[in-house]
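These notes are about the structure you will find just below.
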Amino acid sequence: MSSIKKSESGVPNIESTNILVTGGAGFIGSNFIRYVFEKTGFTGTLVNYDKLTYAGNLMNLVDIDGKFGNKNYFFERGDINDYGNVKRVFSKYDITLVVHFAAESHVDRSIFGPKEFIETNVNGTFTMLEASRQHWASRQDVRFHHISTDEVYGSLGESGYFFETTPYDPRSPYSASKAASDHLARAYFHTYGLPITVSNCSNNYGPYHFPEKLIPLVILNAVEGKPLPVYGDGKNVRDWLYVEDHCEAVWQILMKGRTGETYNIGGECEKQNIDVVNSICEILEQLHPLKDNKEIKNSKLKTQNYKELITFVGDRPGHDRRYAINCDKIKNELGWKRQHGFEDGLRRTIAWYLDNRAWVSNIRSGEYAKWIEKNYTSRA
Ligand code: NAD
Ligand code: TDX
């Protein structure tokens, strides 16, 4: 038996354990790593395992690398499908806890090209689970936490909520691939006794969000005087959660969550897309008034108001109408609750993008720009 001291939940004392974070260079993964080092008193080893696809960016973590690199924080470039490399990393750092974020995450991309989603989200999760099972044998003082989405539950009508018990009904290649990975994680618990937990979270927003997703795309397009594309009638509803609140929820699950359990995480903050876009325009008008915006003032564009840039475009195929999460379980069982309301979170997010234009241009100069050119213009 290992000499690692166990916490209440059966996992090693996670403040000082060896954690492998997959997809740690992406949006939520990098926010999670920053949260762990800055908000939890963590003193163990954290390894960021990431392939660095178009969505992964090590610039997201330069501050953390500067403070903790080669002491508590380590980066290993690799594919979650590379079984040998995953096993090597497990052994090298004696990993006892996996937090599995790595995935292809953009619904629109999954519509244009689903193959990558099956390879990474389904096969990659299988490889991570299998490597964990082989490496840990039947140890119980270990944990595999699988990060998933509310999209696996399908689309709601005007009323109702997703509960942990809601039957799965995924409708995009992205959500179908995430649903498959959730089933695999639970199957490894039931079949092999691998100590897993799963969380299904609603739409996140905040710093380091890749500018293909609605909120960062609209902020940046507005600042640059470009059209703000709203799909369909703009009345699709998403439940928004500030990314740091998601990170805290995941940490609570690692600390106190029961193995084999699923926890829904949500913002209890339903918004129609058009209202989100209008709110961004209103906050931008306060933080970066149009009359002082040199990018727009010096162009030929004649716009009096950011809202004039809103452009309704063709709908996303199979566009889910409404998501709404019931997160009573994590609130009642683990005592988690969100800290940021939408207005506060959105204001922080917009301020971050205004202050970090260098990050944006770095992101946009690569493969993303090529993809946008090839695929995005075809739907407008
Ligand atoms: P993201 O696209 O910003 O980041 C994904 C990261 O995974 C990137 O760093 C990328 O390089 C890495 N990656 C991709 N394929 C890989 C592979 N084969 N091997 C190793 N690394 C690989 O995604 P995100 O928005 O941060 O989402 C993270 C996780 O959270 C995903 O599992 C997603 O399904 C889930 N999730 C996201 C949201 C959201 O609103 N963004 C909501 C709920 C759940
Ligand atoms: O340009 C746009 N215009 C628009 O109207 C974009 C990019 C999106 N939309 C709509 C589609 C959705 O109804 O806005 C809503 C949000 O779209 P995205 O930001 O692409 O997010 P969504 O499809 O809801 O999925 C996100 O939340 C759940 C993440 O990308 C997933 O990884 C997560 O699982």
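Residue names in the structure tokens use chain letters A, B, ... in the order shown, residue numbers from 1 in each chain, and ligand numbers from 1 in the order shown.
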Please list as an NGL selection string every residue within 10 Å of Tyr161 of chain A, counting only C-alpha atoms and excluding residues in the same chain fewer than 5 positions away. :A and (153 or 155-156 or 166 or 322-327)
Residues near Asp275 of chain A, anyone? I mean within 10 Å using only C-alpha atoms, not counting same-chain ones fewer than 6 positions away, as a list in words.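 Answer for this query is Gly234, Lys235, Val237 and Cys281 of chain A.
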Mind listing the alpha helix (DSSP H) residues of segment 138-276 of chain A, per DSSP on the backbone, as a CSV table (one decimal) with N, CA, C and O atoms, in the first residue's frame?
```
chain,number,residue,atom,x,y,z
A,173,PRO,N,-21.8,16.5,-33.4
A,173,PRO,CA,-20.6,15.6,-33.3
A,173,PRO,C,-19.8,15.9,-32.0
A,173,PRO,O,-19.3,14.9,-31.4
A,174,TYR,N,-19.7,17.2,-31.7
A,174,TYR,CA,-18.9,17.5,-30.4
A,174,TYR,C,-19.6,16.8,-29.2
A,174,TYR,O,-19.0,16.1,-28.5
A,175,SER,N,-20.9,17.1,-29.1
A,175,SER,CA,-21.6,16.6,-27.8
A,175,SER,C,-21.6,15.1,-27.8
A,175,SER,O,-21.6,14.4,-26.8
A,176,ALA,N,-21.8,14.5,-29.0
A,176,ALA,CA,-21.8,13.0,-29.1
A,176,ALA,C,-20.5,12.4,-28.7
A,176,ALA,O,-20.4,11.4,-28.0
A,177,SER,N,-19.4,13.1,-29.1
A,177,SER,CA,-18.0,12.6,-28.7
A,177,SER,C,-17.8,12.8,-27.2
A,177,SER,O,-17.2,11.9,-26.6
A,178,LYS,N,-18.3,13.9,-26.6
A,178,LYS,CA,-18.2,14.1,-25.2
A,178,LYS,C,-19.0,13.1,-24.4
A,178,LYS,O,-18.6,12.5,-23.4
A,179,ALA,N,-20.2,12.8,-25.0
A,179,ALA,CA,-21.1,11.8,-24.3
A,179,ALA,C,-20.4,10.4,-24.3
A,179,ALA,O,-20.4,9.7,-23.2
A,180,ALA,N,-19.8,10.1,-25.4
A,180,ALA,CA,-19.1,8.8,-25.5
A,180,ALA,C,-18.0,8.7,-24.4
A,180,ALA,O,-17.8,7.7,-23.7
A,181,SER,N,-17.3,9.8,-24.3
A,181,SER,CA,-16.1,9.8,-23.3
A,181,SER,C,-16.7,9.7,-21.9
A,181,SER,O,-16.1,9.1,-21.0
A,182,ASP,N,-17.8,10.4,-21.6
A,182,ASP,CA,-18.4,10.3,-20.2
A,182,ASP,C,-18.8,8.8,-19.9
A,182,ASP,O,-18.5,8.3,-18.8
A,183,HIS,N,-19.4,8.2,-20.9
A,183,HIS,CA,-19.8,6.8,-20.7
A,183,HIS,C,-18.6,5.9,-20.5
A,183,HIS,O,-18.6,5.0,-19.6
A,184,LEU,N,-17.5,6.2,-21.2
A,184,LEU,CA,-16.3,5.4,-21.0
A,184,LEU,C,-15.7,5.6,-19.6
A,184,LEU,O,-15.3,4.6,-18.9
A,185,ALA,N,-15.7,6.8,-19.1
A,185,ALA,CA,-15.2,7.1,-17.8
A,185,ALA,C,-16.0,6.3,-16.7
A,185,ALA,O,-15.5,5.7,-15.9
A,186,ARG,N,-17.3,6.4,-16.9
A,186,ARG,CA,-18.2,5.6,-15.9
A,186,ARG,C,-18.0,4.1,-16.0
A,186,ARG,O,-18.1,3.4,-15.0
A,187,ALA,N,-17.8,3.7,-17.3
A,187,ALA,CA,-17.7,2.2,-17.5
A,187,ALA,C,-16.4,1.8,-16.8
A,187,ALA,O,-16.3,0.7,-16.2
A,188,TYR,N,-15.3,2.6,-16.8
A,188,TYR,CA,-14.1,2.2,-16.1
A,188,TYR,C,-14.3,2.1,-14.6
A,188,TYR,O,-13.6,1.4,-13.9
A,189,PHE,N,-15.2,2.9,-14.1
A,189,PHE,CA,-15.5,2.9,-12.7
A,189,PHE,C,-16.2,1.6,-12.4
A,189,PHE,O,-15.8,0.8,-11.5
A,190,HIS,N,-17.3,1.3,-13.1
A,190,HIS,CA,-18.1,0.1,-12.8
A,190,HIS,C,-17.4,-1.2,-13.1
A,190,HIS,O,-17.5,-2.1,-12.4
A,191,THR,N,-16.7,-1.2,-14.2
A,191,THR,CA,-16.1,-2.5,-14.7
A,191,THR,C,-14.8,-2.7,-13.9
A,191,THR,O,-14.5,-3.9,-13.5
A,192,TYR,N,-13.9,-1.7,-13.8
A,192,TYR,CA,-12.5,-2.0,-13.3
A,192,TYR,C,-12.3,-1.4,-11.9
A,192,TYR,O,-11.3,-1.5,-11.3
A,214,LEU,N,-18.5,32.5,-28.9
A,214,LEU,CA,-19.3,33.7,-29.0
A,214,LEU,C,-18.8,34.9,-28.3
A,214,LEU,O,-18.6,36.0,-28.9
A,215,ILE,N,-18.5,34.8,-27.0
A,215,ILE,CA,-18.2,36.0,-26.2
A,215,ILE,C,-16.9,36.7,-26.6
A,215,ILE,O,-16.9,37.9,-27.0
A,216,PRO,N,-15.7,35.9,-26.7
A,216,PRO,CA,-14.5,36.6,-27.1
A,216,PRO,C,-14.6,37.1,-28.6
A,216,PRO,O,-14.1,38.2,-28.9
A,217,LEU,N,-15.3,36.3,-29.4
A,217,LEU,CA,-15.4,36.7,-30.8
A,217,LEU,C,-16.1,38.1,-31.0
A,217,LEU,O,-15.7,39.0,-31.7
A,218,VAL,N,-17.2,38.2,-30.2
A,218,VAL,CA,-18.0,39.4,-30.3
A,218,VAL,C,-17.2,40.6,-29.7
A,218,VAL,O,-17.2,41.7,-30.3
A,219,ILE,N,-16.5,40.4,-28.6
A,219,ILE,CA,-15.7,41.5,-28.0
A,219,ILE,C,-14.7,42.0,-29.0
A,219,ILE,O,-14.7,43.2,-29.3
A,220,LEU,N,-14.0,41.1,-29.6
A,220,LEU,CA,-12.9,41.5,-30.5
A,220,LEU,C,-13.4,42.1,-31.8
A,220,LEU,O,-12.9,43.1,-32.3
A,221,ASN,N,-14.5,41.5,-32.4
A,221,ASN,CA,-15.0,42.0,-33.6
A,221,ASN,C,-15.6,43.4,-33.4
A,221,ASN,O,-15.4,44.3,-34.2
A,222,ALA,N,-16.2,43.6,-32.2
A,222,ALA,CA,-16.7,45.0,-32.0
A,222,ALA,C,-15.6,46.0,-31.9
A,222,ALA,O,-15.7,47.1,-32.5
A,223,VAL,N,-14.6,45.6,-31.1
A,223,VAL,CA,-13.4,46.6,-31.0
A,223,VAL,C,-12.8,46.9,-32.3
A,223,VAL,O,-12.4,48.0,-32.6
A,243,VAL,N,-15.3,31.5,-15.7
A,243,VAL,CA,-14.4,30.3,-15.7
A,243,VAL,C,-13.8,30.0,-14.3
A,243,VAL,O,-13.6,28.8,-14.0
A,244,GLU,N,-13.5,31.0,-13.6
A,244,GLU,CA,-12.9,30.8,-12.3
A,244,GLU,C,-13.8,30.0,-11.3
A,244,GLU,O,-13.4,29.2,-10.5
A,245,ASP,N,-15.1,30.2,-11.5
A,245,ASP,CA,-16.1,29.5,-10.7
A,245,ASP,C,-16.1,28.0,-11.1
A,245,ASP,O,-16.3,27.2,-10.2
A,246,HIS,N,-15.9,27.8,-12.4
A,246,HIS,CA,-15.8,26.4,-12.8
A,246,HIS,C,-14.6,25.7,-12.2
A,246,HIS,O,-14.6,24.6,-11.6
A,247,CYS,N,-13.5,26.4,-12.2
A,247,CYS,CA,-12.2,25.9,-11.6
A,247,CYS,C,-12.4,25.6,-10.2
A,247,CYS,O,-11.9,24.5,-9.7
A,248,GLU,N,-13.1,26.4,-9.4
A,248,GLU,CA,-13.3,26.2,-8.0
A,248,GLU,C,-14.2,25.0,-7.8
A,248,GLU,O,-13.9,24.2,-6.9
A,249,ALA,N,-15.2,24.8,-8.7
A,249,ALA,CA,-16.0,23.6,-8.5
A,249,ALA,C,-15.3,22.4,-8.8
A,249,ALA,O,-15.4,21.4,-8.0
A,250,VAL,N,-14.4,22.4,-9.7
A,250,VAL,CA,-13.6,21.2,-10.0
A,250,VAL,C,-12.7,20.9,-8.8
A,250,VAL,O,-12.6,19.7,-8.4
A,251,TRP,N,-12.1,21.9,-8.2
A,251,TRP,CA,-11.2,21.7,-7.1
A,251,TRP,C,-12.0,21.1,-5.9
A,251,TRP,O,-11.5,20.2,-5.2
A,252,GLN,N,-13.2,21.6,-5.7
A,252,GLN,CA,-14.1,21.0,-4.6
A,252,GLN,C,-14.4,19.5,-4.9
A,252,GLN,O,-14.4,18.8,-3.9
A,253,ILE,N,-14.6,19.2,-6.1
A,253,ILE,CA,-14.9,17.8,-6.5
A,253,ILE,C,-13.7,16.9,-6.2
A,253,ILE,O,-13.8,15.8,-5.6
A,254,LEU,N,-12.5,17.5,-6.5
A,254,LEU,CA,-11.2,16.7,-6.2
A,254,LEU,C,-11.1,16.5,-4.7
A,254,LEU,O,-10.6,15.5,-4.3
A,255,MET,N,-11.4,17.6,-4.0
A,255,MET,CA,-11.2,17.5,-2.5
A,255,MET,C,-12.2,16.6,-1.8
A,255,MET,O,-11.9,15.8,-0.9
A,256,LYS,N,-13.5,16.8,-2.3
A,256,LYS,CA,-14.6,16.2,-1.5
A,256,LYS,C,-15.5,15.3,-2.2
A,256,LYS,O,-16.4,14.7,-1.6
A,273,ASN,N,-28.7,34.5,-26.7
A,273,ASN,CA,-27.5,35.0,-27.3
A,273,ASN,C,-27.5,36.5,-27.7
A,273,ASN,O,-26.6,37.2,-27.4
A,274,ILE,N,-28.7,36.9,-28.1
A,274,ILE,CA,-28.8,38.3,-28.5
A,274,ILE,C,-28.6,39.2,-27.3
A,274,ILE,O,-28.0,40.3,-27.4
A,275,ASP,N,-29.1,38.8,-26.2
A,275,ASP,CA,-28.9,39.6,-25.0
A,275,ASP,C,-27.5,39.7,-24.5
A,275,ASP,O,-27.0,40.7,-24.0
A,276,VAL,N,-26.8,38.5,-24.7
A,276,VAL,CA,-25.3,38.5,-24.4
A,276,VAL,C,-24.6,39.5,-25.3
A,276,VAL,O,-23.8,40.3,-24.8
```
7 Å shell around ligand 1 using only C-alpha atoms and all ligand atoms, listed as a PyMOL selection string: chain A and resi 22-29+49-57+78-81+101-106+120+124+147-150+178+200-205+209-210
Let's have the selection written as a compact mmCIF listing (two decimals), in the first residue's frame, with N, CA and C atoms.
```txt
# COMPACT_ATOMS: atom_id res chain seq x y z
N THR A 22 -4.54 17.34 -18.28
CA THR A 22 -4.47 17.28 -19.75
C THR A 22 -5.16 18.52 -20.32
N GLY A 23 -4.65 19.02 -21.44
CA GLY A 23 -5.27 20.21 -22.05
C GLY A 23 -5.06 21.47 -21.23
N GLY A 24 -3.98 21.51 -20.47
CA GLY A 24 -3.73 22.63 -19.57
C GLY A 24 -3.31 23.92 -20.28
N ALA A 25 -3.06 23.85 -21.58
CA ALA A 25 -2.71 25.08 -22.31
C ALA A 25 -3.93 25.71 -22.98
N GLY A 26 -5.09 25.09 -22.80
CA GLY A 26 -6.32 25.63 -23.39
C GLY A 26 -6.99 26.64 -22.45
N PHE A 27 -8.19 27.02 -22.81
CA PHE A 27 -8.92 28.06 -22.06
C PHE A 27 -9.15 27.65 -20.60
N ILE A 28 -9.94 26.61 -20.37
CA ILE A 28 -10.28 26.28 -18.97
C ILE A 28 -9.09 25.66 -18.27
N GLY A 29 -8.35 24.81 -18.98
CA GLY A 29 -7.19 24.14 -18.36
C GLY A 29 -6.18 25.14 -17.82
N TYR A 49 -0.04 18.38 -19.52
CA TYR A 49 0.20 17.52 -20.69
C TYR A 49 -0.71 17.99 -21.82
N ASP A 50 -0.13 18.53 -22.87
CA ASP A 50 -0.93 19.16 -23.92
C ASP A 50 -0.24 18.99 -25.27
N LYS A 51 -1.07 18.75 -26.29
CA LYS A 51 -0.54 18.58 -27.66
C LYS A 51 -0.23 19.92 -28.31
N LEU A 52 -0.77 20.99 -27.77
CA LEU A 52 -0.68 22.33 -28.36
C LEU A 52 -1.28 22.35 -29.77
N THR A 53 -2.56 22.07 -29.84
CA THR A 53 -3.29 22.22 -31.10
C THR A 53 -3.48 23.72 -31.33
N TYR A 54 -4.27 24.08 -32.32
CA TYR A 54 -4.54 25.50 -32.58
C TYR A 54 -5.07 26.20 -31.31
N ALA A 55 -5.74 25.40 -30.42
CA ALA A 55 -6.40 26.00 -29.24
C ALA A 55 -5.50 26.04 -28.01
N GLY A 56 -4.36 25.43 -28.09
CA GLY A 56 -3.46 25.38 -26.92
C GLY A 56 -2.35 26.41 -27.07
N ASN A 57 -2.10 27.15 -26.02
CA ASN A 57 -1.15 28.26 -26.14
C ASN A 57 -0.39 28.39 -24.82
N GLY A 78 2.46 16.50 -25.59
CA GLY A 78 2.11 15.16 -26.02
C GLY A 78 0.63 15.04 -26.34
N ASP A 79 0.34 13.99 -27.10
CA ASP A 79 -1.03 13.69 -27.52
C ASP A 79 -1.64 12.72 -26.51
N ILE A 80 -2.89 12.94 -26.14
CA ILE A 80 -3.53 12.00 -25.20
C ILE A 80 -3.76 10.64 -25.86
N ASN A 81 -3.61 10.59 -27.18
CA ASN A 81 -3.72 9.30 -27.87
C ASN A 81 -2.41 8.51 -27.86
N PHE A 101 -8.95 17.62 -19.08
CA PHE A 101 -9.63 18.69 -19.84
C PHE A 101 -9.47 18.51 -21.35
N ALA A 102 -8.37 17.88 -21.79
CA ALA A 102 -8.02 17.91 -23.22
C ALA A 102 -9.16 17.43 -24.09
N ALA A 103 -9.49 18.22 -25.09
CA ALA A 103 -10.57 17.86 -26.01
C ALA A 103 -10.55 18.82 -27.19
N GLU A 104 -11.19 18.41 -28.27
CA GLU A 104 -11.61 19.36 -29.29
C GLU A 104 -12.91 19.94 -28.77
N SER A 105 -13.03 21.28 -28.72
CA SER A 105 -14.12 21.87 -27.93
C SER A 105 -15.12 22.73 -28.71
N HIS A 106 -14.89 22.95 -29.99
CA HIS A 106 -15.76 23.92 -30.67
C HIS A 106 -16.83 23.23 -31.55
N THR A 120 -9.78 12.62 -30.69
CA THR A 120 -9.30 13.18 -29.41
C THR A 120 -10.27 12.89 -28.27
N GLY A 124 -8.98 9.44 -27.39
CA GLY A 124 -8.00 10.03 -26.46
C GLY A 124 -8.40 9.79 -25.01
N ILE A 147 -13.62 15.92 -17.26
CA ILE A 147 -14.34 17.19 -17.46
C ILE A 147 -15.28 17.06 -18.66
N SER A 148 -16.56 17.34 -18.44
CA SER A 148 -17.48 17.29 -19.58
C SER A 148 -18.44 18.49 -19.58
N THR A 149 -19.43 18.37 -20.41
CA THR A 149 -20.28 19.51 -20.76
C THR A 149 -21.77 19.21 -20.57
N ASP A 150 -22.55 20.26 -20.43
CA ASP A 150 -24.01 20.08 -20.34
C ASP A 150 -24.61 19.69 -21.70
N LYS A 178 -18.31 13.87 -26.64
CA LYS A 178 -18.16 14.07 -25.18
C LYS A 178 -19.03 13.05 -24.43
N ASN A 200 -20.20 17.85 -15.44
CA ASN A 200 -20.81 18.38 -16.67
C ASN A 200 -21.13 19.84 -16.43
N CYS A 201 -20.43 20.70 -17.15
CA CYS A 201 -20.54 22.14 -16.88
C CYS A 201 -21.20 22.88 -18.04
N SER A 202 -21.79 24.00 -17.71
CA SER A 202 -22.41 24.85 -18.73
C SER A 202 -21.36 25.75 -19.40
N ASN A 203 -21.82 26.67 -20.26
CA ASN A 203 -20.89 27.53 -21.02
C ASN A 203 -20.02 28.39 -20.12
N ASN A 204 -18.71 28.28 -20.31
CA ASN A 204 -17.76 29.12 -19.57
C ASN A 204 -17.41 30.37 -20.36
N TYR A 205 -17.00 31.42 -19.65
CA TYR A 205 -16.43 32.59 -20.31
C TYR A 205 -15.42 33.22 -19.35
N HIS A 209 -10.06 32.88 -23.34
CA HIS A 209 -11.05 32.13 -24.12
C HIS A 209 -10.71 32.31 -25.59
N PHE A 210 -10.60 31.23 -26.32
CA PHE A 210 -10.18 31.31 -27.72
C PHE A 210 -11.23 32.07 -28.55
```
If we count only C-alpha atoms, what is near Gly10 of chain A at a cut-off of 9 Å, once residues fewer than 3 positions away on the same chain are taken out, given as number ranges by chain? A: 6-7, 13, 140-143, 256, 258-259
Could those selected residues go to a file with N, CA, C and O atoms, as a compact mmCIF listing (two decimals), in the first residue's frame?
```txt
# COMPACT_ATOMS: atom_id res chain seq x y z
N LYS A 6 -4.03 9.86 2.83
CA LYS A 6 -5.32 10.05 2.15
C LYS A 6 -6.13 11.17 2.79
O LYS A 6 -6.09 11.36 3.99
N SER A 7 -6.92 11.86 1.97
CA SER A 7 -7.86 12.84 2.51
C SER A 7 -9.18 12.13 2.75
O SER A 7 -9.31 10.94 2.51
N ASN A 13 -3.89 13.55 -0.24
CA ASN A 13 -4.05 14.96 0.11
C ASN A 13 -3.66 15.79 -1.10
O ASN A 13 -2.49 15.90 -1.43
N GLN A 140 -6.63 2.62 -4.80
CA GLN A 140 -7.82 3.43 -4.59
C GLN A 140 -7.47 4.85 -4.11
O GLN A 140 -8.34 5.71 -4.06
N ASP A 141 -6.20 5.07 -3.74
CA ASP A 141 -5.80 6.40 -3.25
C ASP A 141 -5.40 7.30 -4.43
O ASP A 141 -4.42 8.05 -4.36
N VAL A 142 -6.12 7.16 -5.53
CA VAL A 142 -5.84 7.89 -6.76
C VAL A 142 -7.18 8.38 -7.31
O VAL A 142 -8.22 7.97 -6.83
N ARG A 143 -7.14 9.23 -8.34
CA ARG A 143 -8.41 9.76 -8.86
C ARG A 143 -8.25 10.20 -10.31
O ARG A 143 -7.22 10.80 -10.67
N LYS A 256 -13.49 16.76 -2.28
CA LYS A 256 -14.56 16.17 -1.47
C LYS A 256 -15.54 15.28 -2.24
O LYS A 256 -16.42 14.69 -1.63
N ARG A 258 -17.43 12.33 -4.28
CA ARG A 258 -17.45 10.88 -4.07
C ARG A 258 -17.14 10.16 -5.38
O ARG A 258 -17.68 10.53 -6.44
N THR A 259 -16.31 9.14 -5.31
CA THR A 259 -15.94 8.43 -6.55
C THR A 259 -17.17 7.78 -7.17
O THR A 259 -18.09 7.35 -6.48
```
Segment 54-226 of chain A: residues DSSP assigns to strand (DSSP E or B), reported as an NGL selection string: :A and (69 or 73-77 or 97-100 or 143-149 or 162 or 196-201 or 203-205)
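For the pair atom CA of Lys92 of chain A and atom CA of Tyr208 of chain A, the separation is 29.3 Å.
Take the candidates A:Thr45, A:Ser365, A:Ser279, A:Gln272 and check each one against ligand 2 using only C-alpha atoms and all ligand atoms; the shortest distance goes to A:Gln272.
Distance check against Gly318 of chain A using only C-alpha atoms: of A:Ser30, A:Asn72, A:Asn236, A:Lys39, the minimum falls on A:Asn236.
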Using only C-alpha atoms, which residue out of A:Lys374, A:Arg34, A:His146, A:His135 lies closest to Gly66 of chain A?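 With only C-alpha atoms as the atom set, the closest residue is A:Arg34.
Nearest residue to ligand 2 among A:Pro227, A:Gly341, A:Gly257, A:Pro167 is A:Pro227, counting only C-alpha atoms and all ligand atoms.
Using only C-alpha atoms and all ligand atoms, the shortest contact distance between ligand 2 and any of A:Tyr231, A:Tyr353, A:Tyr83, A:Tyr242 is found at A:Tyr231.
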I'd like the contact shell of segment 289-306 of chain A - 10 Å cut-off, only C-alpha atoms, skipping same-chain residues fewer than 2 positions apart - returned as an mmCIF file with N, CA and C atoms, in the first residue's frame.
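And here's around_13.cif as it stands now:
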```
data_model
loop_
_atom_site.group_PDB
_atom_site.id
_atom_site.type_symbol
_atom_site.label_atom_id
_atom_site.label_comp_id
_atom_site.auth_asym_id
_atom_site.auth_seq_id
_atom_site.Cartn_x
_atom_site.Cartn_y
_atom_site.Cartn_z
ATOM 1 N N ASN A 221 -14.466 41.452 -32.382
ATOM 2 C CA ASN A 221 -15.030 42.006 -33.618
ATOM 3 C C ASN A 221 -15.554 43.421 -33.390
ATOM 4 N N ALA A 222 -16.194 43.637 -32.245
ATOM 5 C CA ALA A 222 -16.733 44.974 -31.965
ATOM 6 C C ALA A 222 -15.601 45.994 -31.877
ATOM 7 N N VAL A 223 -14.557 45.644 -31.134
ATOM 8 C CA VAL A 223 -13.438 46.568 -30.975
ATOM 9 C C VAL A 223 -12.833 46.923 -32.338
ATOM 10 N N GLU A 224 -12.857 45.956 -33.261
ATOM 11 C CA GLU A 224 -12.253 46.164 -34.583
ATOM 12 C C GLU A 224 -13.254 46.655 -35.625
ATOM 13 N N GLY A 225 -14.500 46.889 -35.202
ATOM 14 C CA GLY A 225 -15.506 47.415 -36.136
ATOM 15 C C GLY A 225 -15.968 46.387 -37.160
ATOM 16 N N LYS A 226 -15.896 45.103 -36.799
ATOM 17 C CA LYS A 226 -16.336 44.040 -37.721
ATOM 18 C C LYS A 226 -17.756 43.595 -37.351
ATOM 19 N N PRO A 227 -18.458 42.890 -38.289
ATOM 20 C CA PRO A 227 -19.808 42.408 -37.965
ATOM 21 C C PRO A 227 -19.802 41.476 -36.753
ATOM 22 N N LEU A 228 -20.879 41.544 -35.964
ATOM 23 C CA LEU A 228 -21.040 40.658 -34.803
ATOM 24 C C LEU A 228 -22.047 39.581 -35.206
ATOM 25 N N VAL A 277 -24.918 39.500 -26.569
ATOM 26 C CA VAL A 277 -24.236 40.386 -27.526
ATOM 27 C C VAL A 277 -24.570 41.853 -27.208
ATOM 28 N N ASN A 278 -25.819 42.129 -26.893
ATOM 29 C CA ASN A 278 -26.195 43.502 -26.509
ATOM 30 C C ASN A 278 -25.448 43.945 -25.254
ATOM 31 N N ILE A 280 -22.544 42.947 -24.187
ATOM 32 C CA ILE A 280 -21.135 43.215 -24.526
ATOM 33 C C ILE A 280 -21.016 44.621 -25.136
ATOM 34 N N CYS A 281 -21.936 44.946 -26.046
ATOM 35 C CA CYS A 281 -21.891 46.268 -26.701
ATOM 36 C C CYS A 281 -22.040 47.378 -25.659
ATOM 37 N N GLU A 282 -22.937 47.168 -24.699
ATOM 38 C CA GLU A 282 -23.175 48.224 -23.685
ATOM 39 C C GLU A 282 -21.956 48.408 -22.778
ATOM 40 N N ILE A 283 -21.357 47.306 -22.343
ATOM 41 C CA ILE A 283 -20.182 47.431 -21.449
ATOM 42 C C ILE A 283 -18.998 48.022 -22.225
ATOM 43 N N LEU A 284 -18.853 47.605 -23.489
ATOM 44 C CA LEU A 284 -17.762 48.153 -24.306
ATOM 45 C C LEU A 284 -17.904 49.659 -24.464
ATOM 46 N N GLU A 285 -19.140 50.114 -24.608
ATOM 47 C CA GLU A 285 -19.394 51.546 -24.761
ATOM 48 C C GLU A 285 -18.892 52.303 -23.528
ATOM 49 N N GLN A 286 -18.957 51.643 -22.347
ATOM 50 C CA GLN A 286 -18.449 52.289 -21.118
ATOM 51 C C GLN A 286 -16.924 52.188 -21.023
ATOM 52 N N LEU A 287 -16.361 50.989 -21.341
ATOM 53 C CA LEU A 287 -14.919 50.773 -21.125
ATOM 54 C C LEU A 287 -14.066 51.274 -22.291
ATOM 55 N N GLU A 308 -24.879 48.575 -33.769
ATOM 56 C CA GLU A 308 -25.142 48.604 -35.222
ATOM 57 C C GLU A 308 -24.343 47.545 -35.965
ATOM 58 N N LEU A 309 -23.332 46.981 -35.294
ATOM 59 C CA LEU A 309 -22.503 45.952 -35.954
ATOM 60 C C LEU A 309 -23.168 44.564 -35.912
ATOM 61 N N ILE A 310 -24.225 44.418 -35.104
ATOM 62 C CA ILE A 310 -24.888 43.103 -34.976
ATOM 63 C C ILE A 310 -25.445 42.682 -36.334
#
```
Between A:Lys307, A:Lys337, A:Arg347, A:Arg321, which is the closest to Asn264 of chain A once you count only C-alpha atoms? A:Lys337
Could you work out how far atom CA of Asp233 of chain A lies from atom CA of Thr311 of chain A, giving the answer in Å with one decimal?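 Answer for the atom CA of Thr311 of chain A to atom CA of Asp233 of chain A separation: 10.5 Å.
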